[in-house]
file entry-v8.txt (compact mmCIF, C-alpha atoms (C1' of nucleotides))
# COMPACT_ATOMS: atom_id res chain seq x y z
CA MET A 1 -37.84 -35.95 69.73
CA GLN A 2 -34.71 -37.90 69.05
CA ALA A 3 -36.57 -39.75 66.33
CA TRP A 4 -37.62 -36.37 64.97
CA ARG A 5 -34.04 -35.13 64.74
CA GLY A 6 -33.14 -38.35 62.90
CA TYR A 7 -36.01 -37.81 60.53
CA ILE A 8 -34.88 -34.26 59.72
CA ASP A 9 -31.32 -35.40 59.09
CA THR A 10 -32.35 -38.34 56.90
CA VAL A 11 -35.08 -37.16 54.59
CA GLY A 12 -32.99 -34.63 52.69
CA PRO A 13 -29.93 -36.80 52.07
CA LEU A 14 -32.13 -39.74 51.09
CA ALA A 15 -33.86 -37.70 48.41
CA ALA A 16 -30.49 -36.44 47.24
CA ALA A 17 -29.12 -39.99 46.95
CA LEU A 18 -32.08 -41.11 44.87
CA GLU A 19 -31.76 -38.06 42.67
CA ALA A 20 -28.09 -38.81 42.11
CA ASP A 21 -28.96 -42.31 40.88
CA LEU A 22 -31.56 -40.84 38.57
CA ALA A 23 -29.13 -38.33 37.10
CA GLN A 24 -27.69 -40.96 34.73
CA PHE A 25 -30.94 -40.70 32.80
CA GLY A 26 -30.93 -36.92 32.88
CA LEU A 27 -33.90 -36.88 35.20
CA THR A 28 -34.63 -35.22 38.53
CA ASN A 29 -36.92 -36.73 41.15
CA GLY A 30 -39.63 -34.33 40.02
CA ASP A 31 -39.25 -35.23 36.36
CA TYR A 32 -39.36 -38.90 37.20
CA GLU A 33 -42.60 -38.52 39.08
CA VAL A 34 -44.22 -36.74 36.15
CA LEU A 35 -43.24 -39.53 33.76
CA ALA A 36 -44.24 -42.22 36.25
CA TRP A 37 -47.73 -40.81 36.74
CA LEU A 38 -48.23 -40.28 33.01
CA SER A 39 -47.07 -43.78 32.18
CA GLU A 40 -49.71 -45.21 34.51
CA ALA A 41 -52.52 -43.01 33.21
CA ASP A 42 -55.10 -43.90 30.54
CA ASP A 43 -53.65 -43.14 27.10
CA GLU A 44 -50.51 -41.98 28.94
CA GLN A 45 -51.98 -38.51 29.33
CA MET A 46 -53.39 -36.41 32.16
CA ARG A 47 -55.01 -33.03 32.61
CA MET A 48 -52.57 -30.46 33.92
CA CYS A 49 -54.61 -29.74 37.01
CA ASP A 50 -54.99 -33.40 37.94
CA LEU A 51 -51.29 -33.96 37.41
CA ALA A 52 -50.43 -30.92 39.54
CA GLU A 53 -52.53 -32.30 42.36
CA ARG A 54 -50.88 -35.71 42.16
CA LEU A 55 -47.45 -34.15 42.24
CA ARG A 56 -48.35 -31.73 45.05
CA LEU A 57 -47.21 -28.91 42.79
CA SER A 58 -48.78 -25.52 42.21
CA PRO A 59 -50.21 -24.94 38.72
CA SER A 60 -47.37 -22.61 37.84
CA GLY A 61 -44.84 -25.07 39.15
CA LEU A 62 -46.21 -27.78 36.90
CA THR A 63 -46.29 -25.45 33.90
CA ARG A 64 -42.57 -24.85 34.24
CA ARG A 65 -41.71 -28.44 35.04
CA LEU A 66 -43.53 -29.53 31.93
CA ASP A 67 -41.72 -26.87 29.91
CA GLY A 68 -38.51 -28.71 30.67
CA LEU A 69 -39.89 -32.12 29.79
CA VAL A 70 -41.46 -30.79 26.59
CA SER A 71 -38.20 -29.22 25.43
CA GLY A 72 -36.56 -32.55 26.20
CA GLY A 73 -39.08 -34.28 23.95
CA LEU A 74 -40.36 -36.57 26.70
CA VAL A 75 -43.83 -35.07 27.01
CA GLU A 76 -46.00 -32.97 24.73
CA ARG A 77 -48.91 -30.67 25.36
CA ALA A 78 -52.17 -31.47 23.60
CA PRO A 79 -55.36 -29.45 23.86
CA SER A 80 -58.31 -31.37 25.22
CA VAL A 81 -61.21 -31.89 22.83
CA ALA A 82 -63.73 -32.03 25.68
CA ASP A 83 -62.73 -28.77 27.36
CA ARG A 84 -60.82 -26.10 25.53
CA ARG A 85 -59.49 -24.66 28.78
CA VAL A 86 -57.66 -27.87 29.45
CA MET A 87 -54.19 -28.91 28.35
CA MET A 88 -53.30 -32.58 28.42
CA ALA A 89 -49.76 -33.64 29.27
CA GLN A 90 -49.10 -36.54 26.88
CA LEU A 91 -46.17 -38.94 27.14
CA THR A 92 -44.20 -39.17 23.90
CA ARG A 93 -42.62 -42.33 22.55
CA ARG A 94 -39.27 -41.07 23.76
CA GLY A 95 -40.75 -40.38 27.17
CA ARG A 96 -42.21 -43.87 27.41
CA ARG A 97 -38.95 -45.50 26.43
CA LEU A 98 -37.04 -43.42 28.97
CA ILE A 99 -39.35 -44.15 31.88
CA GLU A 100 -39.33 -47.85 30.98
CA THR A 101 -35.55 -47.78 31.12
CA ALA A 102 -35.25 -45.69 34.24
CA ALA A 103 -38.02 -47.23 36.35
CA PRO A 104 -36.31 -50.55 37.19
CA ASP A 105 -33.17 -48.70 38.13
CA HIS A 106 -35.08 -46.29 40.30
CA VAL A 107 -36.97 -49.05 42.05
CA ASP A 108 -33.69 -50.78 42.70
CA SER A 109 -32.29 -47.53 44.04
CA VAL A 110 -35.15 -47.21 46.51
CA ARG A 111 -34.55 -50.79 47.60
CA ARG A 112 -30.84 -50.26 48.11
CA HIS A 113 -31.20 -47.01 50.02
CA LEU A 114 -34.25 -47.85 52.06
CA ILE A 115 -36.24 -51.05 51.78
CA ASP A 116 -33.45 -53.60 51.92
CA LEU A 117 -32.00 -51.95 55.01
CA LEU A 118 -35.12 -52.48 57.06
CA THR A 119 -36.89 -55.40 58.62
CA PRO A 120 -40.38 -56.23 57.37
CA ALA A 121 -41.71 -54.99 60.70
CA GLU A 122 -40.01 -51.65 60.25
CA ILE A 123 -41.37 -51.30 56.74
CA ALA A 124 -44.86 -52.05 57.97
CA ALA A 125 -44.47 -49.55 60.80
CA LEU A 126 -43.30 -46.89 58.38
CA GLY A 127 -46.25 -47.56 56.11
CA SER A 128 -48.85 -47.37 58.85
CA ALA A 129 -47.17 -44.38 60.50
CA PHE A 130 -47.20 -42.34 57.31
CA ASP A 131 -50.75 -43.39 56.59
CA LYS A 132 -51.80 -41.98 59.94
CA VAL A 133 -49.90 -38.75 59.47
CA ARG A 134 -51.32 -38.27 56.00
CA ALA A 135 -54.85 -38.95 57.19
CA HIS A 136 -54.39 -36.44 59.98
CA LEU A 137 -53.12 -33.78 57.60
CA ARG A 138 -56.09 -34.33 55.31
CA ASP A 139 -58.56 -34.03 58.17
CA GLU A 140 -56.93 -30.86 59.36
CA GLN A 141 -57.16 -29.32 55.92
CA ASN A 142 -60.83 -30.20 55.42
CA ASP A 143 -61.83 -29.14 58.89
CA PRO A 144 -59.65 -26.22 59.99
CA SER A 145 -61.12 -26.22 63.49
CA MET B 146 -43.23 -49.89 47.34
CA GLN B 147 -46.59 -48.94 48.71
CA ALA B 148 -44.86 -47.67 51.82
CA TRP B 149 -42.58 -45.70 49.54
CA ARG B 150 -45.47 -43.98 47.80
CA GLY B 151 -46.89 -43.12 51.21
CA TYR B 152 -43.56 -41.70 52.25
CA ILE B 153 -43.40 -39.47 49.16
CA ASP B 154 -46.91 -38.19 49.70
CA THR B 155 -46.38 -37.49 53.40
CA VAL B 156 -43.00 -35.86 53.79
CA GLY B 157 -43.78 -32.72 51.83
CA PRO B 158 -47.17 -31.93 53.37
CA LEU B 159 -45.82 -32.66 56.85
CA ALA B 160 -43.03 -30.13 56.44
CA ALA B 161 -45.54 -27.64 55.06
CA ALA B 162 -47.85 -28.11 58.04
CA LEU B 163 -45.03 -27.51 60.49
CA GLU B 164 -43.93 -24.46 58.54
CA ALA B 165 -47.48 -23.10 58.67
CA ASP B 166 -47.50 -23.37 62.45
CA LEU B 167 -44.15 -21.61 62.60
CA ALA B 168 -45.36 -18.76 60.41
CA GLN B 169 -47.04 -17.02 63.38
CA PHE B 170 -43.54 -16.18 64.60
CA GLY B 171 -42.40 -15.06 61.16
CA LEU B 172 -40.08 -18.02 60.87
CA THR B 173 -39.56 -20.71 58.25
CA ASN B 174 -38.43 -24.23 59.06
CA GLY B 175 -34.95 -23.28 57.96
CA ASP B 176 -34.86 -20.15 60.09
CA TYR B 177 -36.07 -22.10 63.08
CA GLU B 178 -33.31 -24.64 62.70
CA VAL B 179 -30.66 -21.92 62.61
CA LEU B 180 -31.96 -20.38 65.82
CA ALA B 181 -32.38 -23.78 67.47
CA TRP B 182 -28.79 -24.80 66.77
CA LEU B 183 -27.42 -21.45 67.88
CA SER B 184 -29.43 -21.47 71.09
CA GLU B 185 -27.89 -24.81 72.01
CA ALA B 186 -24.33 -23.78 71.17
CA ASP B 187 -21.69 -22.46 73.57
CA ASP B 188 -22.14 -18.70 73.92
CA GLU B 189 -25.04 -19.01 71.50
CA GLN B 190 -22.69 -18.69 68.56
CA MET B 191 -21.28 -21.00 65.88
CA ARG B 192 -18.83 -20.82 63.03
CA MET B 193 -20.57 -20.43 59.68
CA CYS B 194 -19.06 -23.58 58.26
CA ASP B 195 -20.02 -25.71 61.25
CA LEU B 196 -23.51 -24.31 61.16
CA ALA B 197 -23.80 -25.00 57.43
CA GLU B 198 -22.84 -28.62 58.01
CA ARG B 199 -25.39 -29.03 60.79
CA LEU B 200 -28.10 -27.57 58.61
CA ARG B 201 -27.08 -29.56 55.56
CA LEU B 202 -26.76 -26.29 53.66
CA SER B 203 -24.13 -25.16 51.22
CA PRO B 204 -21.92 -22.27 52.35
CA SER B 205 -23.70 -19.90 50.01
CA GLY B 206 -27.07 -21.13 51.17
CA LEU B 207 -26.19 -20.35 54.76
CA THR B 208 -24.81 -16.92 53.86
CA ARG B 209 -28.18 -15.95 52.38
CA ARG B 210 -30.23 -17.54 55.10
CA LEU B 211 -28.22 -15.62 57.67
CA ASP B 212 -28.70 -12.43 55.68
CA GLY B 213 -32.40 -12.73 56.34
CA LEU B 214 -32.00 -13.45 60.03
CA VAL B 215 -29.48 -10.62 60.43
CA SER B 216 -31.79 -8.10 58.77
CA GLY B 217 -34.50 -9.35 61.09
CA GLY B 218 -32.24 -8.64 64.07
CA LEU B 219 -32.32 -12.23 65.31
CA VAL B 220 -28.69 -13.06 64.60
CA GLU B 221 -25.58 -11.00 64.08
CA ARG B 222 -22.27 -11.69 62.42
CA ALA B 223 -19.16 -11.36 64.53
CA PRO B 224 -15.61 -11.91 63.31
CA SER B 225 -13.74 -14.64 65.13
CA VAL B 226 -10.75 -13.59 67.17
CA ALA B 227 -9.03 -16.94 66.70
CA ASP B 228 -9.24 -17.05 62.91
CA ARG B 229 -9.88 -13.94 60.90
CA ARG B 230 -11.32 -15.91 58.01
CA VAL B 231 -14.13 -17.08 60.22
CA MET B 232 -17.45 -15.41 60.82
CA MET B 233 -19.44 -16.37 63.88
CA ALA B 234 -23.21 -16.41 63.74
CA GLN B 235 -24.25 -15.00 67.11
CA LEU B 236 -27.75 -15.12 68.51
CA THR B 237 -29.02 -11.68 69.55
CA ARG B 238 -31.20 -11.00 72.57
CA ARG B 239 -34.17 -10.69 70.24
CA GLY B 240 -33.26 -13.98 68.61
CA ARG B 241 -33.02 -15.75 71.96
CA ARG B 242 -36.37 -14.41 73.09
CA LEU B 243 -37.99 -15.46 69.83
CA ILE B 244 -36.65 -18.99 69.85
CA GLU B 245 -37.62 -19.37 73.51
CA THR B 246 -41.14 -18.32 72.60
CA ALA B 247 -41.38 -20.39 69.44
CA ALA B 248 -39.72 -23.59 70.60
CA PRO B 249 -42.49 -24.90 72.86
CA ASP B 250 -45.03 -24.21 70.16
CA HIS B 251 -42.92 -25.97 67.57
CA VAL B 252 -42.36 -29.00 69.76
CA ASP B 253 -46.08 -29.15 70.36
CA SER B 254 -46.63 -28.90 66.63
CA VAL B 255 -44.36 -31.86 65.98
CA ARG B 256 -46.25 -33.83 68.61
CA ARG B 257 -49.64 -33.00 67.18
CA HIS B 258 -48.71 -33.77 63.59
CA LEU B 259 -46.54 -36.79 64.18
CA ILE B 260 -45.61 -38.17 67.56
CA ASP B 261 -49.02 -38.27 69.23
CA LEU B 262 -50.49 -40.07 66.22
CA LEU B 263 -48.16 -43.03 66.55
CA THR B 264 -47.73 -45.92 68.91
CA PRO B 265 -44.47 -46.14 70.88
CA ALA B 266 -43.55 -49.13 68.73
CA GLU B 267 -44.02 -47.11 65.55
CA ILE B 268 -41.92 -44.25 66.90
CA ALA B 269 -39.17 -46.68 67.82
CA ALA B 270 -39.35 -48.27 64.37
CA LEU B 271 -39.12 -44.87 62.71
CA GLY B 272 -36.12 -44.00 64.80
CA SER B 273 -34.21 -47.18 64.09
CA ALA B 274 -35.20 -47.17 60.43
CA PHE B 275 -33.89 -43.67 59.85
CA ASP B 276 -30.75 -44.46 61.83
CA LYS B 277 -30.04 -47.33 59.46
CA VAL B 278 -30.74 -45.28 56.35
CA ARG B 279 -28.55 -42.46 57.58
CA ALA B 280 -25.73 -44.83 58.46
CA HIS B 281 -25.95 -46.38 55.00
CA LEU B 282 -25.84 -43.01 53.29
CA ARG B 283 -22.79 -42.06 55.30
CA ASP B 284 -21.01 -45.29 54.41
CA GLU B 285 -21.79 -44.82 50.76
CA GLN B 286 -20.40 -41.33 50.78
CA ASN B 287 -17.16 -42.31 52.50
CA ASP B 288 -16.65 -45.40 50.36
CA PRO B 289 -18.04 -44.74 46.88
CA SER B 290 -17.50 -48.32 45.78
C1' DA C 291 10.69 -14.85 54.87
C1' DC C 292 8.30 -16.82 51.03
C1' DC C 293 5.34 -19.36 48.26
C1' DA C 294 1.88 -23.11 47.28
C1' DG C 295 -2.09 -25.25 48.81
C1' DT C 296 -6.12 -25.19 51.75
C1' DT C 297 -9.99 -23.28 54.14
C1' DG C 298 -13.86 -19.93 54.96
C1' DC C 299 -17.12 -16.75 53.46
C1' DT C 300 -19.32 -14.02 49.85
C1' DT C 301 -21.10 -13.01 45.12
C1' DG C 302 -22.89 -13.95 40.28
C1' DC C 303 -25.64 -16.93 37.95
C1' DG C 304 -29.03 -20.44 36.80
C1' DG C 305 -32.75 -23.42 38.04
C1' DT C 306 -36.96 -24.23 40.59
C1' DA C 307 -41.02 -23.15 43.31
C1' DG C 308 -45.11 -20.44 45.07
C1' DC C 309 -48.42 -16.50 44.93
C1' DA C 310 -51.10 -13.13 42.58
C1' DA C 311 -52.97 -11.59 38.39
C1' DC C 312 -54.67 -12.38 33.86
C1' DG C 313 -57.21 -14.25 29.67
C1' DA C 314 -59.87 -17.89 28.05
C1' DT C 315 -63.46 -21.15 28.68
C1' DT C 316 -67.15 -23.43 30.98
C1' DG C 317 -71.05 -23.86 34.18
C1' DT C 318 -75.07 -21.81 36.47
C1' DA C 319 -78.73 -18.77 37.99
C1' DG C 320 -81.97 -15.44 36.85
C1' DC D 321 -80.33 -15.58 26.69
C1' DT D 322 -77.52 -13.11 29.48
C1' DA D 323 -74.89 -12.07 33.51
C1' DC D 324 -72.03 -13.95 36.97
C1' DA D 325 -69.18 -17.30 39.18
C1' DA D 326 -65.94 -21.00 38.92
C1' DT D 327 -62.19 -23.50 36.64
C1' DC D 328 -57.86 -23.98 33.90
C1' DG D 329 -53.44 -22.78 32.38
C1' DT D 330 -49.85 -19.28 31.78
C1' DT D 331 -46.94 -15.30 33.07
C1' DG D 332 -44.62 -11.68 36.21
C1' DC D 333 -42.70 -11.36 40.42
C1' DT D 334 -40.19 -12.88 44.38
C1' DA D 335 -37.69 -16.07 47.18
C1' DC D 336 -34.64 -19.98 47.99
C1' DC D 337 -30.71 -22.92 47.05
C1' DG D 338 -26.54 -24.96 44.82
C1' DC D 339 -22.44 -24.45 41.92
C1' DA D 340 -18.49 -22.08 40.37
C1' DA D 341 -15.56 -18.25 40.96
C1' DG D 342 -13.28 -14.90 43.75
C1' DC D 343 -10.97 -12.88 47.65
C1' DA D 344 -9.02 -13.06 52.31
C1' DA D 345 -6.62 -15.59 55.73
C1' DC D 346 -4.27 -19.54 57.53
C1' DT D 347 -0.72 -23.55 57.20
C1' DG D 348 3.34 -26.06 56.10
C1' DG D 349 7.55 -26.83 53.56
C1' DT D 350 11.72 -24.66 51.82

call {"tool": "encode", "arguments": {"input": "entry-v8.txt", "output": "structure tokens"}}
result
Amino acid sequence: MQAWRGYIDTVGPLAAALEADLAQFGLTNGDYEVLAWLSEADDEQMRMCDLAERLRLSPSGLTRRLDGLVSGGLVERAPSVADRRVMMAQLTRRGRRLIETAAPDHVDSVRRHLIDLLTPAEIAALGSAFDKVRAHLRDEQNDPS
Amino acid sequence: MQAWRGYIDTVGPLAAALEADLAQFGLTNGDYEVLAWLSEADDEQMRMCDLAERLRLSPSGLTRRLDGLVSGGLVERAPSVADRRVMMAQLTRRGRRLIETAAPDHVDSVRRHLIDLLTPAEIAALGSAFDKVRAHLRDEQNDPS
DNA sequence: ACCAGTTGCTTGCGGTAGCAACGATTGTAG
DNA sequence: CTACAATCGTTGCTACCGCAAGCAACTGGT
């Protein structure tokens, strides 16, 4: 329970610190994640619904988040040829250049604020612990016994 | 970095799962924390500003959160006799009964979703890891080198 | 006693998120 | 082929939170 209190008091400030480092690029954590996922996708584009799932965002939430990125010229919407219901979120050249600039800095930020502070054993424990929690949450959702 | 991705994908759903369990009492995670802190305080009351700091909330954020709890009859505002600028957030009888009912359930929820899934070594690693991160964030804030 | 600076809480505003509802499109069963 | 269900994205609504501004009250120096 002590560990739990520590968790509560750490998660928020940690996210805030990372977001502060990202601000120099005009990005929020959420924006960064959109660009990161798109940059790793085939043709640097994804269906809105798939992207929403990856980002753990509701459809409406993603619509509005993308609005911001589109007006910033980092992403554009393109209708899918295969399914006219579908909108593809497509990374623009500007978006690609920005994420390529910001990514190393962000990775470094994660290292400074988290990874480099911990022993390899602690990192491994964190990884396996979160894997277990995530697996448990998935099971619970699929089988609401 | 893999551990980092796992962290990102776990923290949000975990908070959501706990919030879902708390919903049966009509409480959010934030509401619960207010009541929990107040129930542990002397005379079950705290100064707004101290409470805001504990909750990592801005003053305005706490004002609105308390609005909700006050209209729900769980907390009331009382002017401080020592300093007339200060408002005390005071747990009501209803608030005390609710937190006393909800707390065991919430603790159990944390166990089910987190603690019971992990080995003692993993729990210890989580605790020390977050302690280090939190200490580092504090240092950084006090000495923005 | 007075005035400047600080502290504490509230309010207006903007940004972000989820849910419910909707229109458009696709898939499927009869 | 036609009806019906499911999927996809957007929009209206509501709620939450932080920042900046404002007002009240306290503090310390003159």

call {"tool": "residues_around", "arguments": {"input": "entry-v8.txt", "residues": "range 330-340 of chain D", "least_positions_apart": "5", "cutoff": "10 Å", "atoms": "all atoms listed in the file", "output": "MDAnalysis selection string"}}
result
(chainID A and resid 59:60 63:64) or (chainID B and resid 202:207 209:210) or (chainID C and resid 302:313)

call {"tool": "residues_around", "arguments": {"input": "entry-v8.txt", "residues": "Leu180 in chain B", "least_positions_apart": "5", "cutoff": "8 Å", "atoms": "all atoms listed in the file", "output": "VMD selection string"}}
result
chain B and resid 236 240 to 241 244

call {"tool": "write_last_selection", "arguments": {"input": "entry-v8.txt", "atoms": "C-alpha atoms", "output": "JSON list (two decimals), in the coordinates of the input"}}
result
[["chain", "number", "residue", "atom", "x", "y", "z"],
["B", 236, "LEU", "CA", -27.75, -15.12, 68.51],
["B", 240, "GLY", "CA", -33.26, -13.98, 68.61],
["B", 241, "ARG", "CA", -33.02, -15.75, 71.96],
["B", 244, "ILE", "CA", -36.65, -18.99, 69.85]]

call {"tool": "atom_distance", "arguments": {"input": "entry-v8.txt", "atom1": "CA of Leu69 in chain A", "atom2": "CA of Glu33 in chain A"}}
result
11.6 Å

call {"tool": "axis_aligned_box", "arguments": {"input": "entry-v8.txt", "around": "range 1-6 of chain A", "padding_each_side": "3 Å", "output": "lines of an AutoDock Vina configuration file"}}
result
center_x = -35.5
center_y = -37.4
center_z = 66.3
size_x = 10.7
size_y = 10.6
size_z = 12.8

call {"tool": "interface_residues", "arguments": {"input": "entry-v8.txt", "of": "chain B", "to": "chain C", "cutoff": "12 Å", "atoms": "only C-alpha atoms (C1' of nucleotides)", "output": "list in words"}}
result
Arg192, Met193, Cys194, Asp195, Ala197, Ser203, Pro204, Ser205, Gly206, Leu207, Thr208, Arg209, Leu211, Asp212, Arg222, Pro224, Ser225, Asp228, Arg229, Arg230, Val231, Met232, Met233 and Ala234 of chain B

call {"tool": "atom_distance", "arguments": {"input": "entry-v8.txt", "atom1": "CA of Gln141 in chain A", "atom2": "CA of Ala165 in chain B"}}
result
11.8 Å

call {"tool": "calpha_fit_and_write", "arguments": {"input": "entry-v8.txt", "fixed": "chain A", "moving": "chain B", "output": "short mmCIF file (atom, residue, chain, number, x, y, z; two decimals) with C-alpha atoms, keeping the file's coordinate frame"}}
result
data_model
loop_
_atom_site.label_atom_id
_atom_site.label_comp_id
_atom_site.auth_asym_id
_atom_site.auth_seq_id
_atom_site.Cartn_x
_atom_site.Cartn_y
_atom_site.Cartn_z
CA MET B 146 -37.77 -36.00 69.75
CA GLN B 147 -34.65 -37.95 69.04
CA ALA B 148 -36.53 -39.79 66.32
CA TRP B 149 -37.58 -36.41 64.99
CA ARG B 150 -34.00 -35.19 64.72
CA GLY B 151 -33.14 -38.40 62.89
CA TYR B 152 -36.03 -37.84 60.54
CA ILE B 153 -34.85 -34.31 59.72
CA ASP B 154 -31.32 -35.46 59.07
CA THR B 155 -32.38 -38.38 56.88
CA VAL B 156 -35.11 -37.16 54.58
CA GLY B 157 -33.02 -34.63 52.69
CA PRO B 158 -29.96 -36.80 52.06
CA LEU B 159 -32.17 -39.74 51.08
CA ALA B 160 -33.91 -37.69 48.40
CA ALA B 161 -30.53 -36.43 47.22
CA ALA B 162 -29.16 -39.96 46.94
CA LEU B 163 -32.12 -41.08 44.87
CA GLU B 164 -31.81 -38.01 42.68
CA ALA B 165 -28.12 -38.79 42.12
CA ASP B 166 -28.98 -42.26 40.88
CA LEU B 167 -31.60 -40.79 38.57
CA ALA B 168 -29.15 -38.29 37.12
CA GLN B 169 -27.69 -40.90 34.73
CA PHE B 170 -30.95 -40.64 32.79
CA GLY B 171 -30.94 -36.85 32.90
CA LEU B 172 -33.93 -36.83 35.20
CA THR B 173 -34.67 -35.20 38.54
CA ASN B 174 -36.96 -36.71 41.15
CA GLY B 175 -39.67 -34.34 40.03
CA ASP B 176 -39.26 -35.21 36.37
CA TYR B 177 -39.36 -38.89 37.18
CA GLU B 178 -42.61 -38.52 39.05
CA VAL B 179 -44.23 -36.74 36.11
CA LEU B 180 -43.24 -39.52 33.73
CA ALA B 181 -44.22 -42.22 36.22
CA TRP B 182 -47.72 -40.81 36.68
CA LEU B 183 -48.22 -40.30 32.96
CA SER B 184 -47.03 -43.80 32.12
CA GLU B 185 -49.67 -45.23 34.45
CA ALA B 186 -52.49 -43.04 33.13
CA ASP B 187 -55.05 -43.95 30.47
CA ASP B 188 -53.57 -43.19 27.05
CA GLU B 189 -50.46 -42.02 28.87
CA GLN B 190 -51.92 -38.56 29.27
CA MET B 191 -53.36 -36.47 32.11
CA ARG B 192 -54.98 -33.11 32.57
CA MET B 193 -52.54 -30.52 33.89
CA CYS B 194 -54.60 -29.80 36.97
CA ASP B 195 -54.98 -33.46 37.90
CA LEU B 196 -51.29 -34.01 37.38
CA ALA B 197 -50.44 -30.98 39.53
CA GLU B 198 -52.55 -32.38 42.35
CA ARG B 199 -50.89 -35.78 42.14
CA LEU B 200 -47.47 -34.20 42.24
CA ARG B 201 -48.38 -31.80 45.02
CA LEU B 202 -47.29 -28.94 42.77
CA SER B 203 -48.87 -25.58 42.18
CA PRO B 204 -50.29 -24.98 38.70
CA SER B 205 -47.43 -22.67 37.86
CA GLY B 206 -44.91 -25.14 39.18
CA LEU B 207 -46.25 -27.83 36.89
CA THR B 208 -46.31 -25.49 33.89
CA ARG B 209 -42.57 -24.89 34.29
CA ARG B 210 -41.72 -28.47 35.06
CA LEU B 211 -43.55 -29.53 31.92
CA ASP B 212 -41.72 -26.87 29.93
CA GLY B 213 -38.51 -28.70 30.69
CA LEU B 214 -39.88 -32.11 29.80
CA VAL B 215 -41.45 -30.77 26.60
CA SER B 216 -38.19 -29.19 25.46
CA GLY B 217 -36.54 -32.50 26.22
CA GLY B 218 -39.06 -34.24 23.95
CA LEU B 219 -40.33 -36.54 26.70
CA VAL B 220 -43.81 -35.05 26.99
CA GLU B 221 -45.96 -32.96 24.72
CA ARG B 222 -48.90 -30.67 25.32
CA ALA B 223 -52.14 -31.50 23.56
CA PRO B 224 -55.34 -29.49 23.82
CA SER B 225 -58.29 -31.42 25.17
CA VAL B 226 -61.18 -31.98 22.83
CA ALA B 227 -63.70 -32.11 25.67
CA ASP B 228 -62.73 -28.82 27.30
CA ARG B 229 -60.77 -26.22 25.43
CA ARG B 230 -59.42 -24.71 28.63
CA VAL B 231 -57.63 -27.94 29.37
CA MET B 232 -54.16 -28.96 28.31
CA MET B 233 -53.25 -32.62 28.37
CA ALA B 234 -49.73 -33.67 29.22
CA GLN B 235 -49.05 -36.55 26.84
CA LEU B 236 -46.13 -38.92 27.11
CA THR B 237 -44.13 -39.13 23.87
CA ARG B 238 -42.54 -42.29 22.51
CA ARG B 239 -39.19 -41.02 23.75
CA GLY B 240 -40.69 -40.34 27.16
CA ARG B 241 -42.15 -43.84 27.38
CA ARG B 242 -38.87 -45.45 26.41
CA LEU B 243 -36.99 -43.37 28.96
CA ILE B 244 -39.31 -44.12 31.85
CA GLU B 245 -39.30 -47.82 30.94
CA THR B 246 -35.52 -47.75 31.07
CA ALA B 247 -35.25 -45.66 34.22
CA ALA B 248 -38.01 -47.22 36.30
CA PRO B 249 -36.31 -50.52 37.14
CA ASP B 250 -33.17 -48.67 38.10
CA HIS B 251 -35.11 -46.27 40.27
CA VAL B 252 -37.01 -49.03 42.01
CA ASP B 253 -33.72 -50.77 42.66
CA SER B 254 -32.35 -47.52 44.02
CA VAL B 255 -35.22 -47.19 46.47
CA ARG B 256 -34.61 -50.77 47.58
CA ARG B 257 -30.91 -50.27 48.09
CA HIS B 258 -31.24 -47.02 50.00
CA LEU B 259 -34.30 -47.85 52.04
CA ILE B 260 -36.30 -51.03 51.76
CA ASP B 261 -33.51 -53.61 51.88
CA LEU B 262 -32.05 -51.95 54.98
CA LEU B 263 -35.18 -52.49 57.03
CA THR B 264 -36.95 -55.40 58.61
CA PRO B 265 -40.47 -56.23 57.37
CA ALA B 266 -41.77 -54.98 60.71
CA GLU B 267 -40.05 -51.63 60.25
CA ILE B 268 -41.42 -51.27 56.73
CA ALA B 269 -44.91 -52.03 57.99
CA ALA B 270 -44.49 -49.51 60.81
CA LEU B 271 -43.33 -46.86 58.37
CA GLY B 272 -46.29 -47.52 56.16
CA SER B 273 -48.88 -47.32 58.90
CA ALA B 274 -47.18 -44.35 60.53
CA PHE B 275 -47.22 -42.29 57.36
CA ASP B 276 -50.80 -43.35 56.65
CA LYS B 277 -51.82 -41.94 60.02
CA VAL B 278 -49.89 -38.71 59.54
CA ARG B 279 -51.34 -38.22 56.09
CA ALA B 280 -54.86 -38.91 57.30
CA HIS B 281 -54.39 -36.38 60.09
CA LEU B 282 -53.12 -33.73 57.72
CA ARG B 283 -56.09 -34.28 55.46
CA ASP B 284 -58.53 -33.98 58.35
CA GLU B 285 -56.89 -30.80 59.52
CA GLN B 286 -57.13 -29.26 56.10
CA ASN B 287 -60.80 -30.12 55.65
CA ASP B 288 -61.76 -29.04 59.16
CA PRO B 289 -59.53 -26.14 60.22
CA SER B 290 -60.88 -26.15 63.75
#

call {"tool": "residues_around", "arguments": {"input": "entry-v8.txt", "residues": "Gln169 in chain B", "least_positions_apart": "2", "cutoff": "12 Å", "atoms": "all atoms listed in the file", "output": "PyMOL selection string"}}
result
chain B and resi 163-167+171-173+243+246-247+250-251
